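Undergrad: Okay, here's the structure, questions in a sec.
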Amino acid sequence: MAKADNDKLAIREKLNMAFMFQALDENEKDIIVDAMEECKIAVNDPVIVEGTEGDCLYVIGSGTLSCSKIFPGKTDPTFLKAYQPGEAFGELALLYNAPRAATITANEDCLLWKLDRDTFNHIVKDASSKRREKYESFLAQVPIFETMEPYERSKLADAFTEIKVKTGEIIITEG
């Protein structure tokens, strides 16, 4: 099923806020948005269960969900947060191979957009690698950085932030 424009916009806004998607260009973000699968979750159904293996993240299209956790020494779950449309959860599973830290359950019928780890790794990691290579190549051509070790240039390249400017826009003002 094709995503509605407002769903695409909500997903894209969430991606723009997440550090792990910062290296992506607009075309790569489009690929991520298009790759996300629709999931319909019924009221009271768990989406994520604390302690289980995680392999995806979700962006909420519609509905609300509750996040709870069982803390050490307790048997009942503690409510942590209510998730609203446009919010995302489960992203830590894409970054770390740790078990799910909490349980997230639908408060009502929900529409979620899911991104699996394999798609994330393929697109995001490739984009990060290409970005680093581009900046390292640039730095290798700058005379002041010629004496740096490749590892040092790599670390410097990772620290770069790309900013797009319009023709005639002032970038630096003297003084």
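Labels for the structure tokens follow display order: chains A, B, ..., residues from 1 in each chain, ligands from 1.
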Would you mind listing what lies within 6 Å of A:Arg117 as number ranges by chain, with only C-alpha atoms counted and same-chain residues fewer than 6 positions away left out?
TA: A: 55-56, 94
Undergrad: So which residues touch A:Asp7 within 12 Å, counting only C-alpha atoms, skipping near sequence neighbours fewer than 3 positions away, as a PDB file with N, CA and C atoms, in the first residue's frame?
TA:
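Output below, filename out_19.pdb:
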ATOM      1  N   ALA A   2       0.553   2.194  -0.849  1.00  0.00           N
ATOM      2  CA  ALA A   2       1.318   3.435  -0.943  1.00  0.00           C
ATOM      3  C   ALA A   2       1.048   4.307   0.285  1.00  0.00           C
ATOM      4  N   LYS A   3       2.063   5.066   0.657  1.00  0.00           N
ATOM      5  CA  LYS A   3       1.933   5.953   1.814  1.00  0.00           C
ATOM      6  C   LYS A   3       1.290   7.267   1.388  1.00  0.00           C
ATOM      7  N   ALA A   4       0.447   7.797   2.239  1.00  0.00           N
ATOM      8  CA  ALA A   4      -0.132   9.116   1.999  1.00  0.00           C
ATOM      9  C   ALA A   4       0.961  10.166   2.174  1.00  0.00           C
ATOM     10  N   ALA A  10       5.498  12.958   7.856  1.00  0.00           N
ATOM     11  CA  ALA A  10       5.728  12.638   9.272  1.00  0.00           C
ATOM     12  C   ALA A  10       6.963  11.751   9.429  1.00  0.00           C
ATOM     13  N   ILE A  11       7.097  10.763   8.554  1.00  0.00           N
ATOM     14  CA  ILE A  11       8.264   9.873   8.614  1.00  0.00           C
ATOM     15  C   ILE A  11       9.530  10.670   8.338  1.00  0.00           C
ATOM     16  N   ARG A  12       9.512  11.493   7.292  1.00  0.00           N
ATOM     17  CA  ARG A  12      10.685  12.293   6.929  1.00  0.00           C
ATOM     18  C   ARG A  12      11.074  13.252   8.058  1.00  0.00           C
ATOM     19  N   GLU A  13      10.096  13.901   8.684  1.00  0.00           N
ATOM     20  CA  GLU A  13      10.389  14.815   9.796  1.00  0.00           C
ATOM     21  C   GLU A  13      11.076  14.070  10.929  1.00  0.00           C
ATOM     22  N   LYS A  14      10.627  12.864  11.206  1.00  0.00           N
ATOM     23  CA  LYS A  14      11.238  12.060  12.266  1.00  0.00           C
ATOM     24  C   LYS A  14      12.675  11.683  11.886  1.00  0.00           C
ATOM     25  N   VAL A  33      12.082   6.173   3.463  1.00  0.00           N
ATOM     26  CA  VAL A  33      10.634   6.378   3.627  1.00  0.00           C
ATOM     27  C   VAL A  33       9.871   5.344   2.796  1.00  0.00           C
ATOM     28  N   ASP A  34      10.287   5.149   1.551  1.00  0.00           N
ATOM     29  CA  ASP A  34       9.610   4.187   0.677  1.00  0.00           C
ATOM     30  C   ASP A  34       9.791   2.747   1.164  1.00  0.00           C
ATOM     31  N   MET A  36       9.878   1.726   4.235  1.00  0.00           N
ATOM     32  CA  MET A  36       9.163   1.439   5.479  1.00  0.00           C
ATOM     33  C   MET A  36       7.849   0.719   5.172  1.00  0.00           C
ATOM     34  N   GLU A  37       7.606  -0.344   5.938  1.00  0.00           N
ATOM     35  CA  GLU A  37       6.414  -1.174   5.743  1.00  0.00           C
ATOM     36  C   GLU A  37       5.302  -0.752   6.683  1.00  0.00           C
ATOM     37  N   GLU A  38       4.090  -0.800   6.185  1.00  0.00           N
ATOM     38  CA  GLU A  38       2.924  -0.486   7.005  1.00  0.00           C
ATOM     39  C   GLU A  38       2.609  -1.670   7.928  1.00  0.00           C
ATOM     40  N   VAL A  59       7.699   4.194  13.178  1.00  0.00           N
ATOM     41  CA  VAL A  59       7.198   5.564  13.210  1.00  0.00           C
ATOM     42  C   VAL A  59       5.682   5.443  13.256  1.00  0.00           C
ATOM     43  N   ILE A  60       5.043   6.192  14.145  1.00  0.00           N
ATOM     44  CA  ILE A  60       3.594   6.088  14.347  1.00  0.00           C
ATOM     45  C   ILE A  60       2.863   6.944  13.322  1.00  0.00           C
ATOM     46  N   GLY A  61       2.003   6.289  12.545  1.00  0.00           N
ATOM     47  CA  GLY A  61       1.154   6.989  11.587  1.00  0.00           C
ATOM     48  C   GLY A  61      -0.127   7.464  12.231  1.00  0.00           C
ATOM     49  N   SER A  62      -0.771   6.585  13.014  1.00  0.00           N
ATOM     50  CA  SER A  62      -1.997   6.960  13.733  1.00  0.00           C
ATOM     51  C   SER A  62      -2.145   6.077  14.954  1.00  0.00           C
ATOM     52  N   PRO A  85       1.101  10.011  17.321  1.00  0.00           N
ATOM     53  CA  PRO A  85       1.423   9.980  15.888  1.00  0.00           C
ATOM     54  C   PRO A  85       2.599  10.902  15.550  1.00  0.00           C
ATOM     55  N   GLY A  86       3.486  10.401  14.674  1.00  0.00           N
ATOM     56  CA  GLY A  86       4.672  11.149  14.275  1.00  0.00           C
ATOM     57  C   GLY A  86       5.905  10.801  15.081  1.00  0.00           C
ATOM     58  N   GLU A  87       5.720  10.188  16.249  1.00  0.00           N
ATOM     59  CA  GLU A  87       6.879   9.811  17.065  1.00  0.00           C
ATOM     60  C   GLU A  87       7.435   8.470  16.583  1.00  0.00           C
ATOM     61  N   LEU A 111      -1.669   2.517  13.258  1.00  0.00           N
ATOM     62  CA  LEU A 111      -0.967   2.321  12.006  1.00  0.00           C
ATOM     63  C   LEU A 111       0.477   2.742  12.244  1.00  0.00           C
ATOM     64  N   LEU A 112       1.409   1.811  12.037  1.00  0.00           N
ATOM     65  CA  LEU A 112       2.826   2.081  12.235  1.00  0.00           C
ATOM     66  C   LEU A 112       3.565   1.863  10.930  1.00  0.00           C
ATOM     67  N   TRP A 113       4.714   2.548  10.805  1.00  0.00           N
ATOM     68  CA  TRP A 113       5.617   2.338   9.680  1.00  0.00           C
ATOM     69  C   TRP A 113       6.894   1.744  10.244  1.00  0.00           C
TER      70      TRP A 113
END
Undergrad: As number ranges by chain, please: every residue in chain A that a backbone DSSP assignment puts in strand (DSSP E or B).
TA: A: 37-41, 46-48, 56-62, 65-69, 78-83, 88-89, 103-106, 110-116
Undergrad: Write the residues of the preceding selection, restricted to N, CA and C atoms, as a JSON list (two decimals), in the first residue's frame.
TA:
[["chain", "number", "residue", "atom", "x", "y", "z"],
["A", 37, "GLU", "N", 7.61, -0.34, 5.94],
["A", 37, "GLU", "CA", 6.41, -1.17, 5.74],
["A", 37, "GLU", "C", 5.30, -0.75, 6.68],
["A", 38, "GLU", "N", 4.09, -0.80, 6.19],
["A", 38, "GLU", "CA", 2.92, -0.49, 7.01],
["A", 38, "GLU", "C", 2.61, -1.67, 7.93],
["A", 39, "CYS", "N", 2.33, -1.36, 9.20],
["A", 39, "CYS", "CA", 1.92, -2.37, 10.17],
["A", 39, "CYS", "C", 0.67, -1.89, 10.86],
["A", 40, "LYS", "N", -0.36, -2.72, 10.87],
["A", 40, "LYS", "CA", -1.58, -2.39, 11.60],
["A", 40, "LYS", "C", -1.56, -3.19, 12.91],
["A", 41, "ILE", "N", -1.73, -2.47, 14.01],
["A", 41, "ILE", "CA", -1.67, -3.08, 15.33],
["A", 41, "ILE", "C", -3.01, -2.87, 16.01],
["A", 46, "PRO", "N", 0.88, -5.92, 21.98],
["A", 46, "PRO", "CA", 2.24, -5.39, 22.16],
["A", 46, "PRO", "C", 2.95, -5.29, 20.81],
["A", 47, "VAL", "N", 3.71, -4.22, 20.64],
["A", 47, "VAL", "CA", 4.52, -4.04, 19.43],
["A", 47, "VAL", "C", 5.94, -4.48, 19.74],
["A", 48, "ILE", "N", 6.41, -4.09, 20.91],
["A", 48, "ILE", "CA", 7.75, -4.44, 21.40],
["A", 48, "ILE", "C", 7.56, -5.01, 22.81],
["A", 56, "CYS", "N", 14.08, -3.72, 14.39],
["A", 56, "CYS", "CA", 13.44, -2.69, 13.59],
["A", 56, "CYS", "C", 13.08, -1.47, 14.44],
["A", 57, "LEU", "N", 12.77, -0.38, 13.74],
["A", 57, "LEU", "CA", 12.22, 0.79, 14.41],
["A", 57, "LEU", "C", 10.86, 1.07, 13.81],
["A", 58, "TYR", "N", 10.05, 1.86, 14.51],
["A", 58, "TYR", "CA", 8.70, 2.19, 14.08],
["A", 58, "TYR", "C", 8.48, 3.69, 14.13],
["A", 59, "VAL", "N", 7.70, 4.19, 13.18],
["A", 59, "VAL", "CA", 7.20, 5.56, 13.21],
["A", 59, "VAL", "C", 5.68, 5.44, 13.26],
["A", 60, "ILE", "N", 5.04, 6.19, 14.15],
["A", 60, "ILE", "CA", 3.59, 6.09, 14.35],
["A", 60, "ILE", "C", 2.86, 6.94, 13.32],
["A", 61, "GLY", "N", 2.00, 6.29, 12.54],
["A", 61, "GLY", "CA", 1.15, 6.99, 11.59],
["A", 61, "GLY", "C", -0.13, 7.46, 12.23],
["A", 62, "SER", "N", -0.77, 6.58, 13.01],
["A", 62, "SER", "CA", -2.00, 6.96, 13.73],
["A", 62, "SER", "C", -2.15, 6.08, 14.95],
["A", 65, "LEU", "N", 0.24, 4.74, 21.77],
["A", 65, "LEU", "CA", 0.79, 3.55, 22.40],
["A", 65, "LEU", "C", 1.35, 3.92, 23.76],
["A", 66, "SER", "N", 1.43, 2.93, 24.64],
["A", 66, "SER", "CA", 2.00, 3.13, 25.97],
["A", 66, "SER", "C", 3.31, 2.37, 26.09],
["A", 67, "CYS", "N", 4.27, 3.00, 26.74],
["A", 67, "CYS", "CA", 5.57, 2.40, 26.98],
["A", 67, "CYS", "C", 5.68, 2.12, 28.48],
["A", 68, "SER", "N", 6.05, 0.88, 28.82],
["A", 68, "SER", "CA", 6.22, 0.52, 30.23],
["A", 68, "SER", "C", 7.44, -0.37, 30.38],
["A", 69, "LYS", "N", 7.92, -0.43, 31.62],
["A", 69, "LYS", "CA", 9.12, -1.21, 31.92],
["A", 69, "LYS", "C", 8.99, -1.83, 33.30],
["A", 78, "THR", "N", 6.01, -0.38, 35.11],
["A", 78, "THR", "CA", 5.87, 1.04, 35.42],
["A", 78, "THR", "C", 5.65, 1.78, 34.10],
["A", 79, "PHE", "N", 4.60, 2.60, 34.03],
["A", 79, "PHE", "CA", 4.32, 3.40, 32.84],
["A", 79, "PHE", "C", 5.42, 4.45, 32.68],
["A", 80, "LEU", "N", 5.97, 4.56, 31.47],
["A", 80, "LEU", "CA", 7.03, 5.52, 31.21],
["A", 80, "LEU", "C", 6.60, 6.66, 30.30],
["A", 81, "LYS", "N", 5.82, 6.34, 29.25],
["A", 81, "LYS", "CA", 5.54, 7.35, 28.24],
["A", 81, "LYS", "C", 4.38, 6.93, 27.37],
["A", 82, "ALA", "N", 3.64, 7.92, 26.87],
["A", 82, "ALA", "CA", 2.61, 7.69, 25.84],
["A", 82, "ALA", "C", 3.18, 8.18, 24.51],
["A", 83, "TYR", "N", 3.14, 7.34, 23.50],
["A", 83, "TYR", "CA", 3.60, 7.71, 22.16],
["A", 83, "TYR", "C", 2.44, 8.20, 21.32],
["A", 88, "ALA", "N", 8.67, 8.21, 16.98],
["A", 88, "ALA", "CA", 9.34, 6.96, 16.60],
["A", 88, "ALA", "C", 9.83, 6.25, 17.85],
["A", 89, "PHE", "N", 9.95, 4.94, 17.75],
["A", 89, "PHE", "CA", 10.51, 4.14, 18.85],
["A", 89, "PHE", "C", 11.17, 2.90, 18.28],
["A", 103, "THR", "N", 8.45, -2.36, 27.07],
["A", 103, "THR", "CA", 7.33, -2.92, 26.32],
["A", 103, "THR", "C", 6.48, -1.77, 25.81],
["A", 104, "ILE", "N", 6.07, -1.85, 24.55],
["A", 104, "ILE", "CA", 5.22, -0.82, 23.97],
["A", 104, "ILE", "C", 3.97, -1.50, 23.45],
["A", 105, "THR", "N", 2.82, -1.02, 23.93],
["A", 105, "THR", "CA", 1.52, -1.63, 23.65],
["A", 105, "THR", "C", 0.57, -0.60, 23.06],
["A", 106, "ALA", "N", -0.25, -1.05, 22.11],
["A", 106, "ALA", "CA", -1.22, -0.16, 21.47],
["A", 106, "ALA", "C", -2.36, 0.17, 22.43],
["A", 110, "CYS", "N", -3.72, 0.99, 15.78],
["A", 110, "CYS", "CA", -2.65, 1.88, 15.35],
["A", 110, "CYS", "C", -2.15, 1.50, 13.95],
["A", 111, "LEU", "N", -1.67, 2.52, 13.26],
["A", 111, "LEU", "CA", -0.97, 2.32, 12.01],
["A", 111, "LEU", "C", 0.48, 2.74, 12.24],
["A", 112, "LEU", "N", 1.41, 1.81, 12.04],
["A", 112, "LEU", "CA", 2.83, 2.08, 12.23],
["A", 112, "LEU", "C", 3.56, 1.86, 10.93],
["A", 113, "TRP", "N", 4.71, 2.55, 10.81],
["A", 113, "TRP", "CA", 5.62, 2.34, 9.68],
["A", 113, "TRP", "C", 6.89, 1.74, 10.24],
["A", 114, "LYS", "N", 7.31, 0.60, 9.69],
["A", 114, "LYS", "CA", 8.41, -0.19, 10.23],
["A", 114, "LYS", "C", 9.60, -0.18, 9.28],
["A", 115, "LEU", "N", 10.81, 0.00, 9.85],
["A", 115, "LEU", "CA", 12.06, -0.08, 9.10],
["A", 115, "LEU", "C", 12.91, -1.17, 9.72],
["A", 116, "ASP", "N", 13.28, -2.17, 8.92],
["A", 116, "ASP", "CA", 14.06, -3.29, 9.44],
["A", 116, "ASP", "C", 15.55, -2.97, 9.46]]
Undergrad: Mind checking DSSP for stretch 3-160 of chain A and telling me the helix (DSSP H, G or I) residues as number ranges by chain?
TA: A: 5-17, 19-21, 26-35, 92-95, 117-140, 143-145, 150-159
Undergrad: Just C-alpha atoms for this one: save the residues we selected as a short mmCIF file (atom, residue, chain, number, x, y, z; two decimals), in the first residue's frame.
TA:
data_model
loop_
_atom_site.label_atom_id
_atom_site.label_comp_id
_atom_site.auth_asym_id
_atom_site.auth_seq_id
_atom_site.Cartn_x
_atom_site.Cartn_y
_atom_site.Cartn_z
CA ASP A 5 1.80 12.38 1.61
CA ASN A 6 1.15 13.30 5.26
CA ASP A 7 2.56 9.92 6.35
CA LYS A 8 5.65 10.46 4.19
CA LEU A 9 6.06 13.93 5.67
CA ALA A 10 5.73 12.64 9.27
CA ILE A 11 8.26 9.87 8.61
CA ARG A 12 10.69 12.29 6.93
CA GLU A 13 10.39 14.82 9.80
CA LYS A 14 11.24 12.06 12.27
CA LEU A 15 14.23 10.96 10.18
CA ASN A 16 15.49 14.55 10.02
CA MET A 17 15.46 14.72 13.84
CA PHE A 19 21.18 11.65 14.42
CA MET A 20 21.54 8.23 12.77
CA PHE A 21 20.00 9.58 9.56
CA GLU A 26 17.38 13.66 0.32
CA ASN A 27 17.30 10.78 -2.18
CA GLU A 28 18.48 8.30 0.46
CA LYS A 29 15.83 9.58 2.87
CA ASP A 30 13.24 9.01 0.13
CA ILE A 31 14.49 5.42 -0.18
CA ILE A 32 14.16 4.91 3.60
CA VAL A 33 10.63 6.38 3.63
CA ASP A 34 9.61 4.19 0.68
CA ALA A 35 11.20 1.10 2.30
CA LEU A 92 18.16 1.52 19.61
CA ALA A 93 17.71 -1.95 18.12
CA LEU A 94 19.22 -0.67 14.88
CA LEU A 95 22.27 0.75 16.60
CA ARG A 117 17.72 -3.51 10.44
CA ASP A 118 18.91 -4.90 7.09
CA THR A 119 17.45 -1.97 5.13
CA PHE A 120 18.83 0.46 7.69
CA ASN A 121 22.29 -1.09 7.56
CA HIS A 122 22.36 -1.21 3.78
CA ILE A 123 21.28 2.38 3.21
CA VAL A 124 22.51 4.25 6.27
CA LYS A 125 25.87 2.55 6.70
CA ASP A 126 26.61 2.80 2.97
CA ALA A 127 25.72 6.51 3.03
CA SER A 128 28.00 7.10 6.01
CA SER A 129 30.86 5.29 4.31
CA LYS A 130 30.44 7.28 1.07
CA ARG A 131 30.22 10.52 3.04
CA ARG A 132 33.47 9.73 4.90
CA GLU A 133 35.28 8.83 1.66
CA LYS A 134 34.16 12.09 0.04
CA TYR A 135 35.42 14.21 2.94
CA GLU A 136 38.66 12.25 3.32
CA SER A 137 39.37 12.77 -0.38
CA PHE A 138 38.75 16.49 0.02
CA LEU A 139 40.95 16.74 3.12
CA ALA A 140 43.80 14.89 1.38
CA PRO A 143 47.80 21.38 1.88
CA ILE A 144 47.48 22.02 5.62
CA PHE A 145 46.10 18.48 6.13
CA PRO A 150 44.78 8.68 7.20
CA TYR A 151 43.19 7.76 10.55
CA GLU A 152 43.34 11.40 11.68
CA ARG A 153 41.77 12.58 8.40
CA SER A 154 39.06 9.94 8.84
CA LYS A 155 38.24 11.26 12.32
CA LEU A 156 38.17 14.83 11.04
CA ALA A 157 35.92 13.79 8.14
CA ASP A 158 33.48 12.21 10.61
CA ALA A 159 33.19 15.56 12.39
#
Undergrad: Ranking A:Glu50, A:Glu149, A:Gln84, A:Thr64 by minimum distance to A:Arg100 and counting only C-alpha atoms, which one comes first?
TA: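 Smallest distance to A:Arg100 is found for A:Glu50.
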Undergrad: Which is closest to A:Glu162 among A:Ala98, A:Val49, A:Leu24, A:Val142, if we use only C-alpha atoms?
TA: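 Answer, going by the shortest atom-to-atom distance: A:Leu24.
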Undergrad: Rounded to one decimal place, report the atom CA of A:Gly63-atom CA of A:Ala42 distance in Å.
TA: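 Pair atom CA of A:Gly63 / atom CA of A:Ala42 returns 9.9 Å.
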Undergrad: Quote the spacing between atom CA of A:Ala101 and atom CA of A:Asp45 in Å to one decimal place.
TA: 17.4 Å
Undergrad: Could you state the separation of atom CA of A:Thr52 and atom CA of A:Pro99 in Å, given to one decimal place?
TA: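 Value for the atom CA of A:Thr52-atom CA of A:Pro99 distance: 5.3 Å.
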